[in-house]
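Have a look at the structure below, then the notes.
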Amino acid sequence: MELSMDFQPVYQHHDLLIELGRVEMAMEYLEERSENERQALRPRLVSRMSRLRDELERLAV
């Protein structure tokens, strides 16, 4: 009897959750950065967070 399971969706979901946590932590540490760094980093982090959430939502369907 062969047991074949596809863990790819589980791994992908887990990896996305970890990356989302990293982005959230980076957002929290923005206040410790200079104003110039905050202005440069915040839009990129917000965009990344949005893409990660979209991908998580897509996996849930």
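A note on labels: chains of the structure tokens are A, B, ... as shown, every chain counts residues from 1, and ligands are counted from 1 in their shown order.
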>> With DSSP run on the backbone, what are the helix (DSSP H, G or I) residues within chain A? I'd like them as a PyMOL selection string.
In response: chain A and resi 8-32+35-60
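Nearest to Arg58 of chain A of all the residues A:Ala40, A:Glu24, A:Leu16, A:Tyr11 is A:Leu16, based on only C-alpha atoms.
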> segment 41-52 of chain A: which residues within 7 Å, counting only C-alpha atoms, same-chain residues fewer than 5 positions away excluded, as an MDAnalysis selection string?
Replying inline: chainID A and resid 16 20 23 27
Write a file of the selected residues as a tab-separated table (two decimals), in the first residue's frame, keeping all heavy atoms.
```tsv
chain	number	residue	atom	x	y	z
A	16	LEU	N	4.02	31.18	4.21
A	16	LEU	CA	3.41	32.50	4.07
A	16	LEU	C	3.11	33.11	5.43
A	16	LEU	O	3.31	34.33	5.63
A	16	LEU	CB	2.13	32.41	3.24
A	16	LEU	CG	2.32	32.15	1.75
A	16	LEU	CD1	0.98	31.81	1.10
A	16	LEU	CD2	2.96	33.33	1.05
A	20	LEU	N	4.66	36.56	6.77
A	20	LEU	CA	3.77	37.61	7.22
A	20	LEU	C	4.18	38.09	8.61
A	20	LEU	O	4.19	39.30	8.89
A	20	LEU	CB	2.32	37.12	7.22
A	20	LEU	CG	1.25	38.13	7.57
A	20	LEU	CD1	1.26	39.31	6.61
A	20	LEU	CD2	-0.12	37.47	7.57
A	23	VAL	N	7.20	40.35	8.31
A	23	VAL	CA	6.85	41.68	7.81
A	23	VAL	C	6.18	42.49	8.93
A	23	VAL	O	6.47	43.68	9.10
A	23	VAL	CB	5.94	41.59	6.56
A	23	VAL	CG1	5.41	42.95	6.15
A	23	VAL	CG2	6.70	40.95	5.41
A	27	MET	N	7.44	46.02	10.53
A	27	MET	CA	6.59	47.20	10.66
A	27	MET	C	6.66	47.77	12.08
A	27	MET	O	6.70	48.98	12.26
A	27	MET	CB	5.13	46.85	10.32
A	27	MET	CG	4.87	46.49	8.87
A	27	MET	SD	4.87	47.89	7.77
A	27	MET	CE	3.35	48.68	8.23
```
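Atom CA of Ile18 of chain A to atom CA of Arg33 of chain A spans 22.9 Å [interatomic distance, one decimal].
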>> Quick check, in Å to one decimal: how far apart do atom CA of Glu57 of chain A and atom CA of Glu19 of chain A lie?
In response: 14.5 Å
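Here atom CA of His14 of chain A and atom CA of Ala60 of chain A stand 12.2 Å from one another.
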